[in-house]
Amino acid sequence: MEKIGVFVCHCGSNIKGNVDTAAVVEQISHVDGVAMAVEYPYMCAEAGQAMIRNAITEHGLTGVVVAACSPRMHEATFRKAAERAGLNSYMVEIANIREQCSWVHRDTVSATKKAVALARAAVAKVHRNTPLHPGESSVTKRALVVGGGIAGIQAALDIAEAGFEVTIVETTPSIGGKMAQLDKTFPTLDCSACILTPKMVDAAGHDNIAIHTYSEIEKVEGFVGNFTVSIRKKARSVDMDKCTGCGDCWAKCPVKRVPSEFDSGLCNRTAIYTPFAQAVPNVPVIDRTNCVKFKTGRCGLCRTVCQPGAIDFDQQDEIITENFGAVVLATGYDTISLDKFGEYAYHDSPDVLTALEFERMTNAAGPTDGRIVRMSDGHKPKSITFIQCVGSRDITNRGKTYCSKICCMYTAKQAILIKDKYPDVDVQVFYIDVRTPGKNFDEFYRRAAEEYGVKYIKGQVGKVVNVGDTLHIQAVDMLEGRHMDIQTDMIILATAIQPSATAKTTAGMFSSSVDQNHFMTEAHPKLRPVESHTAGVFLAGCGQGPKDIPETVAQASAAAAKVIGLLVKDKLMTNPCTAATDEDLCNNCGLCGNVCPYGAITYESKLTASVNNALCQGCGACVVTCPSGAMDLHGFTNRQLMAEVDAICK
Amino acid sequence: MLEIMKQRAKELLESGRVVRVLGWQRGDFPNLREPVFFTTAKQLDNLEYDRFCAANLSKYLIGTDVPTLAFLKPCDTYSLNQLVKERQINRQMTYIIGIGCEGSAKLTDMEENGTLERCLVCTKTVHAAFDELIGEDAAPREKNDRFAGVGEIEAMEIAARYTFWQDHLARCIRCNACRNICPVCHCKKCVFDNTKYDTAQRANASAFEEQMFHIIRAYHVAGRCTDCGECNRACPQAIPLHLLNRKLISDINHMFGEYQAGTDTETPGPLTNFDIEMDKEVGL
Amino acid sequence: MQITDFNPNIVAFCCNWCSYAGADLAGTSRLQYPVQVRIIKVPCSCRVDPLFILRAFQRGADGVAVCGCHPGDCHYATGNYYTRRRMALLHNMLDFMGIERDRMLLQWVSAAEGAKFAKTMTDFVENIHMLGKNTRLADWRVVNAGNNETES
């Protein structure tokens, strides 16, 4: 015989002010299976909880309904109270009569009627509740960081410092990411390399950190605490153990005209190369698509000159498989292609640069040794024009609708760097809005405009034409409402950033999702900003959304804190509200497995589907897909929901 | 053609390649052709194949665990594929002889023009799976707008649509013939028979119970229904059940892209799949 | 029945992560919406079985709303993509069978959209008022029988 206790909370006057709680108690006490019903000013207070505990013991309650505030507030509180009195916590249901009743309906009579209906639905559900018990799963105390930019490096260092092993997987031959390419950083004008390279070296030298560069994620299996990840280590053609990083190989390499990725194509590299001088690891890679040896079979100069004999043309891709308890996805960003933006003449003139190209140019270690010159003739420009929002905040369907966030500030930075080096150069900036939220950001921008005399013009550029050796810009000054036809020697485009090409597939492998722009989605935009939708997978850096370096580092450290918080646990409690198959009904048709976002459903038994409780997150997609009703979801069973429907429609 | 079929069946049976043969034989009524498993060469003398062999034999292959030869018309092979996809049929245990089809006839029609509606508008005139073919796949039908009937109902006023279905479904006697003959209704136990889920039928006193049954039945086979038309053929009350299925097929085609269930054994069905960009247009 | 006397019965299935939280936000913001709306919590909009919707209509609901996270924001990554397809089909199917399509509503409401939740429900109830009592899908046997709990 069911004995259900109903506890109606006044929440001071929050509920009682609009709901006749005495009437709710009176009416609900006549419902079948309700053994007792009481009201109390604050059910969540210790005295209220004691009432619930005592009633469970005294009346031998088999189920509890608390008609109170939202379950999002105190469901956990009341479940704990029941548990303490020896009642399974999943035998407790909440009727939300505050947020969804007393606060949204003014008429006491009808609000009371609704409160009764909600309580009745909860009672109907509890009738069909069954005790549930969370399972346990183990935790592999190692972390994987995907992406070796500043986000990945920071996360790895923090996790490693806490005493856990970390593996970094980076697709390019060196860690460092985009930050390694930058010259100075806003708003302090710190040298980017000077603050990054020590961290790269720390990571490389840390006992707890293993770094796999030139590597990709091949396959992911498992779930929080127990991921099994296959990593493809692409053939470097250089033996990591033998190479001393002397550089003789690339000095002798005859292929010298491959555009350098690191220098944004402003200069060339060889076929065997290290991307930059401070690369970690300092071991070159043979780019097999451009190497003469791989193209024609002849050459092999690098092997001849390599004294330690590290060059290995026969090296194959290697796949290693490791176990991890937690994962940080820090896959970073790329700039968008400018193919659709012909109006800026980027492909027509070498003097139109992207901001990232300019970073390399102004960098003392860059292709021009930090001199700012026109790529067309090597002359110093007299006038430089910045164009902002190239492909950002775009409404023409060619670029991105979002704001890339960092461009206003780096444009101000680059303008200042130019003025610092060459005060005589005219610098102007075309902008839609200047957005400078951030510590010392607006001050920095005003310095550019006021102290350095950078000319800010509100308006977008309509067209750039390359005439002879000057660039003609047609634009509109929106504040003065006049058409402008000006000439400049060099243009720098603040090109929109987008998640790196691998973000979507990488997120997919970890059952994590991306948004319409392929940025990885966080579990909650406000309250869970570094967690992905998949338990145990965390997000850091621009893969999650545009952000600057301090924000990236902060998010990386936050993700690391989440990882550490997970890895210190020996066991994880699993959510008992998972799907399960009724083996008598399941005919193994496979429909449920198709819709499971977590790959939690397998058909290994050949006879029925089986659900891995550790993987299942309890969405219920499979349940609705199952035509026979063989699949059901604990805590939200067909019977429970149907009973709620029946009760609520009365 | 029937002679070739018998001969091949006997050969395969005698060679041990298969241990039984799924085909048709004459039933108790003049034009009744009933599905049957033959296990000896002698029995195969009774094999029939003519216009009245309308039954879709693929459902009889569910769970086959001995090598079985089945004669399948082009449209039946779509059901076969769908059932292989849903792991109800082990294709390795089947040997499919695709047989040519000019359209099947209604059981009760002695006249030449008694072709089934489904055959008049057939789009599945080419076998989707077979191990060998006997006879030729037919040319696509000239009159093949199978959605015309759906369009007619869509064009009605809403009240007329309601009356139309109310009138038809009120005749339902819940004999479950539609469910039992449907190849993809292969649940061990129908959700409408399951007392555990509060969905089981009580007395069928209310018209709505029938509506609910037919809505959910059509819905459960949505994206899996090959439009074989067997539900319509089997209904003793002449309820145009195929229109419900075709409505869903037509909507799936419009909203989620053209899809013919049973074309292959891999592609996920439209309700167990999604297309983020395309689905924006669904308009909900 | 006179429309003025008509007190519609509205069931709203809300996913736990977005729409239920959105409804809570409407509450904390004290945004009023019609009292006839009664919410049933589901983990994800993809947990809403068409059977539940028909059952609600059968048991006397005049309108049924399904609310979930915006596409792309599903807590379970992809659940609402299935919901979207399923509900689009069900919606058309009911319409095809002569049941007013406005009796069923699918709406995306995020945890931050308390105002949208209140407005959605206000508009929905207004539409149901215009449609009047659901007679086409109600099971009169059950509704007339009053308060008898149906046996399982």
# chains A, B, ... in the order shown; residues from 1 in each chain; ligands from 1

$ interface_residues --of "chain C" --to "chain B" --cutoff "9 Å" --atoms "only C-alpha atoms" --output "ChimeraX atom specification"
/C:50-51,54-55,58,71-72,78,81-82,84-90,92-100,105-107,136-141,150-152

$ interface_residues --of "chain A" --to "chain B" --cutoff "6 Å" --atoms "only C-alpha atoms" --output "ChimeraX atom specification"
/A:585,589-590,594-595,627-629,639

$ interface_residues --of "chain A" --to "chain C" --cutoff "9 Å" --atoms "only C-alpha atoms" --output "ChimeraX atom specification"
/A:32,70,72,98-107,110-111,114,117-118,121,511-516,521-524,533-534,595-598,617-625,633,636,638-639,641-642,644-650

$ residues_around --residues "Thr488 of chain A" --least-positions-apart "2" --cutoff "10 Å" --atoms "only C-alpha atoms" --output "NGL selection string"
:A and (351 or 381-385 or 426-428 or 464 or 466 or 469-473 or 486 or 490-491)

$ write_last_selection --atoms "N, CA and C atoms" --output "PDB file, in the first residue's frame"
ATOM      1  N   ASP A 351      50.501  44.750 -50.725  1.00  0.00           N
ATOM      2  CA  ASP A 351      50.548  45.735 -49.647  1.00  0.00           C
ATOM      3  C   ASP A 351      49.281  45.738 -48.793  1.00  0.00           C
ATOM      4  N   PRO A 381      56.253  52.650 -45.852  1.00  0.00           N
ATOM      5  CA  PRO A 381      55.023  53.354 -46.231  1.00  0.00           C
ATOM      6  C   PRO A 381      54.932  54.715 -45.535  1.00  0.00           C
ATOM      7  N   LYS A 382      54.285  55.660 -46.218  1.00  0.00           N
ATOM      8  CA  LYS A 382      54.067  56.956 -45.585  1.00  0.00           C
ATOM      9  C   LYS A 382      52.729  56.988 -44.874  1.00  0.00           C
ATOM     10  N   SER A 383      51.834  56.154 -45.381  1.00  0.00           N
ATOM     11  CA  SER A 383      50.514  56.136 -44.743  1.00  0.00           C
ATOM     12  C   SER A 383      50.010  54.693 -44.668  1.00  0.00           C
ATOM     13  N   ILE A 384      49.475  54.347 -43.521  1.00  0.00           N
ATOM     14  CA  ILE A 384      48.949  52.995 -43.326  1.00  0.00           C
ATOM     15  C   ILE A 384      47.497  53.101 -42.876  1.00  0.00           C
ATOM     16  N   THR A 385      46.649  52.261 -43.500  1.00  0.00           N
ATOM     17  CA  THR A 385      45.225  52.307 -43.162  1.00  0.00           C
ATOM     18  C   THR A 385      44.764  50.948 -42.628  1.00  0.00           C
ATOM     19  N   ASP A 426      51.443  58.328 -41.333  1.00  0.00           N
ATOM     20  CA  ASP A 426      50.019  58.601 -41.063  1.00  0.00           C
ATOM     21  C   ASP A 426      49.303  57.279 -40.843  1.00  0.00           C
ATOM     22  N   VAL A 427      48.591  57.192 -39.751  1.00  0.00           N
ATOM     23  CA  VAL A 427      47.844  55.957 -39.495  1.00  0.00           C
ATOM     24  C   VAL A 427      46.378  56.298 -39.311  1.00  0.00           C
ATOM     25  N   GLN A 428      45.529  55.615 -40.067  1.00  0.00           N
ATOM     26  CA  GLN A 428      44.099  55.827 -39.878  1.00  0.00           C
ATOM     27  C   GLN A 428      43.384  54.485 -39.781  1.00  0.00           C
ATOM     28  N   VAL A 464      38.722  49.006 -52.471  1.00  0.00           N
ATOM     29  CA  VAL A 464      40.146  49.323 -52.518  1.00  0.00           C
ATOM     30  C   VAL A 464      40.623  48.967 -53.918  1.00  0.00           C
ATOM     31  N   ASN A 466      44.016  48.935 -56.485  1.00  0.00           N
ATOM     32  CA  ASN A 466      45.464  49.026 -56.541  1.00  0.00           C
ATOM     33  C   ASN A 466      45.846  49.749 -57.818  1.00  0.00           C
ATOM     34  N   ASP A 469      51.494  52.267 -57.691  1.00  0.00           N
ATOM     35  CA  ASP A 469      52.082  51.830 -56.433  1.00  0.00           C
ATOM     36  C   ASP A 469      51.334  52.393 -55.224  1.00  0.00           C
ATOM     37  N   THR A 470      50.132  52.875 -55.452  1.00  0.00           N
ATOM     38  CA  THR A 470      49.342  53.299 -54.285  1.00  0.00           C
ATOM     39  C   THR A 470      47.984  52.589 -54.290  1.00  0.00           C
ATOM     40  N   LEU A 471      47.413  52.548 -53.090  1.00  0.00           N
ATOM     41  CA  LEU A 471      46.111  51.922 -52.922  1.00  0.00           C
ATOM     42  C   LEU A 471      45.071  53.022 -52.755  1.00  0.00           C
ATOM     43  N   HIS A 472      44.040  52.982 -53.613  1.00  0.00           N
ATOM     44  CA  HIS A 472      42.982  53.981 -53.519  1.00  0.00           C
ATOM     45  C   HIS A 472      41.820  53.386 -52.724  1.00  0.00           C
ATOM     46  N   ILE A 473      41.385  54.119 -51.723  1.00  0.00           N
ATOM     47  CA  ILE A 473      40.291  53.637 -50.888  1.00  0.00           C
ATOM     48  C   ILE A 473      39.072  54.510 -51.091  1.00  0.00           C
ATOM     49  N   ILE A 486      40.524  58.275 -50.784  1.00  0.00           N
ATOM     50  CA  ILE A 486      41.859  58.583 -50.265  1.00  0.00           C
ATOM     51  C   ILE A 486      42.887  57.583 -50.773  1.00  0.00           C
ATOM     52  N   MET A 490      49.593  51.269 -47.556  1.00  0.00           N
ATOM     53  CA  MET A 490      49.528  49.920 -47.002  1.00  0.00           C
ATOM     54  C   MET A 490      48.207  49.799 -46.257  1.00  0.00           C
ATOM     55  N   ILE A 491      47.614  48.612 -46.359  1.00  0.00           N
ATOM     56  CA  ILE A 491      46.328  48.386 -45.677  1.00  0.00           C
ATOM     57  C   ILE A 491      46.451  47.144 -44.799  1.00  0.00           C
TER      58      ILE A 491
END

$ select_by_dssp --residues "segment 360-608 of chain A" --states "helix (DSSP H, G or I)" --output "ChimeraX atom specification"
/A:360-362,407-421,441-451,503-509,541-543,549-567,591-595

$ atom_distance --atom1 "atom CA of Glu583 of chain A" --atom2 "atom CA of Arg128 of chain A"
20.2 Å

$ atom_distance --atom1 "atom CA of Ala95 of chain A" --atom2 "atom CA of Val65 of chain A"
6.9 Å

$ residues_around --residues "Ile211 of chain A" --least-positions-apart "5" --cutoff "9 Å" --atoms "only C-alpha atoms" --output "PyMOL selection string"
chain A and resi 148+166-170+175+203-204+281

$ write_last_selection --atoms "N, CA and C atoms" --output "PDB file, in the first residue's frame"
ATOM      1  N   GLY A 148      47.792  22.881 -28.469  1.00  0.00           N
ATOM      2  CA  GLY A 148      48.986  23.296 -27.732  1.00  0.00           C
ATOM      3  C   GLY A 148      49.238  24.781 -27.816  1.00  0.00           C
ATOM      4  N   VAL A 166      49.561  14.818 -17.704  1.00  0.00           N
ATOM      5  CA  VAL A 166      48.823  15.471 -18.782  1.00  0.00           C
ATOM      6  C   VAL A 166      49.489  15.149 -20.107  1.00  0.00           C
ATOM      7  N   THR A 167      48.677  14.912 -21.123  1.00  0.00           N
ATOM      8  CA  THR A 167      49.204  14.747 -22.471  1.00  0.00           C
ATOM      9  C   THR A 167      48.644  15.865 -23.337  1.00  0.00           C
ATOM     10  N   ILE A 168      49.539  16.577 -24.016  1.00  0.00           N
ATOM     11  CA  ILE A 168      49.098  17.617 -24.959  1.00  0.00           C
ATOM     12  C   ILE A 168      49.187  17.043 -26.365  1.00  0.00           C
ATOM     13  N   VAL A 169      48.118  17.205 -27.147  1.00  0.00           N
ATOM     14  CA  VAL A 169      48.154  16.795 -28.545  1.00  0.00           C
ATOM     15  C   VAL A 169      47.997  18.045 -29.406  1.00  0.00           C
ATOM     16  N   GLU A 170      48.968  18.267 -30.273  1.00  0.00           N
ATOM     17  CA  GLU A 170      48.979  19.480 -31.103  1.00  0.00           C
ATOM     18  C   GLU A 170      49.179  19.061 -32.556  1.00  0.00           C
ATOM     19  N   ILE A 175      54.333  23.345 -30.218  1.00  0.00           N
ATOM     20  CA  ILE A 175      53.322  24.006 -29.416  1.00  0.00           C
ATOM     21  C   ILE A 175      53.576  25.515 -29.469  1.00  0.00           C
ATOM     22  N   ALA A 203      56.401  23.625 -19.933  1.00  0.00           N
ATOM     23  CA  ALA A 203      55.543  22.489 -20.293  1.00  0.00           C
ATOM     24  C   ALA A 203      56.394  21.334 -20.798  1.00  0.00           C
ATOM     25  N   ALA A 204      57.370  21.686 -21.667  1.00  0.00           N
ATOM     26  CA  ALA A 204      58.206  20.636 -22.258  1.00  0.00           C
ATOM     27  C   ALA A 204      59.034  19.932 -21.189  1.00  0.00           C
ATOM     28  N   PRO A 281      58.703  20.813 -29.593  1.00  0.00           N
ATOM     29  CA  PRO A 281      60.113  20.438 -29.489  1.00  0.00           C
ATOM     30  C   PRO A 281      60.925  21.045 -30.636  1.00  0.00           C
TER      31      PRO A 281
END

$ atom_distance --atom1 "atom CA of Met104 of chain C" --atom2 "atom CA of Ser19 of chain C"
16.4 Å

$ select_by_dssp --residues "chain C" --states "strand (DSSP E or B)" --output "PDB file with N, CA and C atoms, in the first residue's frame"
ATOM      1  N   ILE C  10      -4.331  23.455 -20.351  1.00  0.00           N
ATOM      2  CA  ILE C  10      -3.111  23.515 -21.170  1.00  0.00           C
ATOM      3  C   ILE C  10      -1.997  22.734 -20.492  1.00  0.00           C
ATOM      4  N   VAL C  11      -1.396  21.844 -21.230  1.00  0.00           N
ATOM      5  CA  VAL C  11      -0.240  21.109 -20.715  1.00  0.00           C
ATOM      6  C   VAL C  11       1.001  21.600 -21.439  1.00  0.00           C
ATOM      7  N   ALA C  12       2.024  21.918 -20.685  1.00  0.00           N
ATOM      8  CA  ALA C  12       3.284  22.342 -21.299  1.00  0.00           C
ATOM      9  C   ALA C  12       4.395  21.404 -20.850  1.00  0.00           C
ATOM     10  N   PHE C  13       4.958  20.685 -21.815  1.00  0.00           N
ATOM     11  CA  PHE C  13       6.134  19.863 -21.513  1.00  0.00           C
ATOM     12  C   PHE C  13       7.359  20.762 -21.638  1.00  0.00           C
ATOM     13  N   CYS C  14       8.142  20.838 -20.556  1.00  0.00           N
ATOM     14  CA  CYS C  14       9.315  21.706 -20.596  1.00  0.00           C
ATOM     15  C   CYS C  14      10.573  20.900 -20.296  1.00  0.00           C
ATOM     16  N   CYS C  15      11.594  21.114 -21.085  1.00  0.00           N
ATOM     17  CA  CYS C  15      12.844  20.412 -20.827  1.00  0.00           C
ATOM     18  C   CYS C  15      13.484  21.004 -19.583  1.00  0.00           C
ATOM     19  N   VAL C  37      -2.052  27.112 -17.629  1.00  0.00           N
ATOM     20  CA  VAL C  37      -0.855  26.417 -18.097  1.00  0.00           C
ATOM     21  C   VAL C  37      -0.260  25.575 -16.974  1.00  0.00           C
ATOM     22  N   ARG C  38      -0.117  24.296 -17.221  1.00  0.00           N
ATOM     23  CA  ARG C  38       0.479  23.410 -16.226  1.00  0.00           C
ATOM     24  C   ARG C  38       1.661  22.688 -16.837  1.00  0.00           C
ATOM     25  N   ILE C  39       2.764  22.750 -16.110  1.00  0.00           N
ATOM     26  CA  ILE C  39       4.021  22.289 -16.687  1.00  0.00           C
ATOM     27  C   ILE C  39       4.364  20.881 -16.217  1.00  0.00           C
ATOM     28  N   ILE C  40       4.804  20.074 -17.160  1.00  0.00           N
ATOM     29  CA  ILE C  40       5.359  18.758 -16.830  1.00  0.00           C
ATOM     30  C   ILE C  40       6.833  18.790 -17.219  1.00  0.00           C
ATOM     31  N   LYS C  41       7.671  18.430 -16.268  1.00  0.00           N
ATOM     32  CA  LYS C  41       9.111  18.488 -16.526  1.00  0.00           C
ATOM     33  C   LYS C  41       9.592  17.211 -17.195  1.00  0.00           C
ATOM     34  N   VAL C  42      10.357  17.371 -18.248  1.00  0.00           N
ATOM     35  CA  VAL C  42      11.012  16.240 -18.903  1.00  0.00           C
ATOM     36  C   VAL C  42      12.498  16.581 -18.997  1.00  0.00           C
ATOM     37  N   GLY C  63      -4.928  22.233 -25.274  1.00  0.00           N
ATOM     38  CA  GLY C  63      -3.728  22.617 -25.992  1.00  0.00           C
ATOM     39  C   GLY C  63      -2.527  21.961 -25.344  1.00  0.00           C
ATOM     40  N   VAL C  64      -1.553  21.579 -26.165  1.00  0.00           N
ATOM     41  CA  VAL C  64      -0.339  20.979 -25.619  1.00  0.00           C
ATOM     42  C   VAL C  64       0.873  21.702 -26.212  1.00  0.00           C
ATOM     43  N   ALA C  65       1.743  22.182 -25.333  1.00  0.00           N
ATOM     44  CA  ALA C  65       2.960  22.852 -25.787  1.00  0.00           C
ATOM     45  C   ALA C  65       4.165  21.994 -25.436  1.00  0.00           C
ATOM     46  N   VAL C  66       5.122  21.991 -26.322  1.00  0.00           N
ATOM     47  CA  VAL C  66       6.395  21.329 -26.050  1.00  0.00           C
ATOM     48  C   VAL C  66       7.465  22.406 -26.150  1.00  0.00           C
ATOM     49  N   CYS C  67       8.223  22.577 -25.066  1.00  0.00           N
ATOM     50  CA  CYS C  67       9.248  23.609 -25.065  1.00  0.00           C
ATOM     51  C   CYS C  67      10.612  22.976 -24.798  1.00  0.00           C
ATOM     52  N   GLY C  68      11.602  23.420 -25.535  1.00  0.00           N
ATOM     53  CA  GLY C  68      12.944  22.874 -25.364  1.00  0.00           C
ATOM     54  C   GLY C  68      13.994  23.938 -25.587  1.00  0.00           C
ATOM     55  N   MET C 104      -1.415  22.462 -30.905  1.00  0.00           N
ATOM     56  CA  MET C 104      -0.108  21.942 -30.522  1.00  0.00           C
ATOM     57  C   MET C 104       0.929  22.997 -30.843  1.00  0.00           C
ATOM     58  N   LEU C 105       1.881  23.155 -29.942  1.00  0.00           N
ATOM     59  CA  LEU C 105       2.878  24.209 -30.110  1.00  0.00           C
ATOM     60  C   LEU C 105       4.244  23.651 -29.774  1.00  0.00           C
ATOM     61  N   LEU C 106       5.202  23.946 -30.628  1.00  0.00           N
ATOM     62  CA  LEU C 106       6.591  23.635 -30.284  1.00  0.00           C
ATOM     63  C   LEU C 106       7.330  24.961 -30.236  1.00  0.00           C
ATOM     64  N   GLN C 107       7.957  25.238 -29.122  1.00  0.00           N
ATOM     65  CA  GLN C 107       8.635  26.527 -29.001  1.00  0.00           C
ATOM     66  C   GLN C 107       9.973  26.345 -28.284  1.00  0.00           C
ATOM     67  N   TRP C 108      10.966  27.067 -28.741  1.00  0.00           N
ATOM     68  CA  TRP C 108      12.275  27.012 -28.080  1.00  0.00           C
ATOM     69  C   TRP C 108      12.351  28.142 -27.061  1.00  0.00           C
TER      70      TRP C 108
END

$ closest_residue --among "B:Leu116, B:Leu243, B:Val18, B:Cys172" --to "Ala55 of chain B" --atoms "only C-alpha atoms"
B:Leu116

$ residues_around --residues "Leu61 of chain A" --least-positions-apart "3" --cutoff "9 Å" --atoms "only C-alpha atoms" --output "ChimeraX atom specification"
/A:2-5,35-36,55-58,64,87

$ write_last_selection --atoms "C-alpha atoms" --output "mmCIF file, in the first residue's frame"
data_model
loop_
_atom_site.group_PDB
_atom_site.id
_atom_site.type_symbol
_atom_site.label_atom_id
_atom_site.label_comp_id
_atom_site.auth_asym_id
_atom_site.auth_seq_id
_atom_site.Cartn_x
_atom_site.Cartn_y
_atom_site.Cartn_z
ATOM 1 C CA GLU A 2 1.412 3.363 -1.010
ATOM 2 C CA LYS A 3 1.753 5.897 1.742
ATOM 3 C CA ILE A 4 2.566 9.268 0.345
ATOM 4 C CA GLY A 5 3.201 12.332 2.457
ATOM 5 C CA ALA A 35 -1.369 9.159 3.943
ATOM 6 C CA MET A 36 -0.821 12.608 5.346
ATOM 7 C CA ALA A 55 6.771 11.854 9.081
ATOM 8 C CA ILE A 56 8.689 9.292 7.053
ATOM 9 C CA THR A 57 9.527 7.402 10.237
ATOM 10 C CA GLU A 58 6.203 7.866 11.976
ATOM 11 C CA VAL A 64 7.161 12.220 -0.473
ATOM 12 C CA LEU A 87 13.644 6.727 2.252
#

$ residues_around --residues "Lys421 of chain A" --least-positions-apart "5" --cutoff "10 Å" --atoms "only C-alpha atoms" --output "list of chain:residue names"
A:Thr362, A:Gly370, A:Arg371, A:Ile372, A:Ile416

$ write_last_selection --atoms "N, CA and C atoms" --output "CSV table (one decimal), in the first residue's frame"
chain,number,residue,atom,x,y,z
A,362,THR,N,56.0,43.1,-38.0
A,362,THR,CA,56.4,44.1,-37.0
A,362,THR,C,57.3,43.4,-35.9
A,370,GLY,N,61.4,43.2,-38.2
A,370,GLY,CA,60.6,44.2,-37.5
A,370,GLY,C,60.4,45.5,-38.3
A,371,ARG,N,61.0,45.6,-39.4
A,371,ARG,CA,60.9,46.8,-40.2
A,371,ARG,C,59.5,46.8,-40.9
A,372,ILE,N,58.8,47.9,-40.9
A,372,ILE,CA,57.5,47.9,-41.6
A,372,ILE,C,57.7,48.4,-43.0
A,416,ILE,N,49.6,51.7,-32.5
A,416,ILE,CA,50.6,52.3,-31.6
A,416,ILE,C,52.0,51.8,-31.9
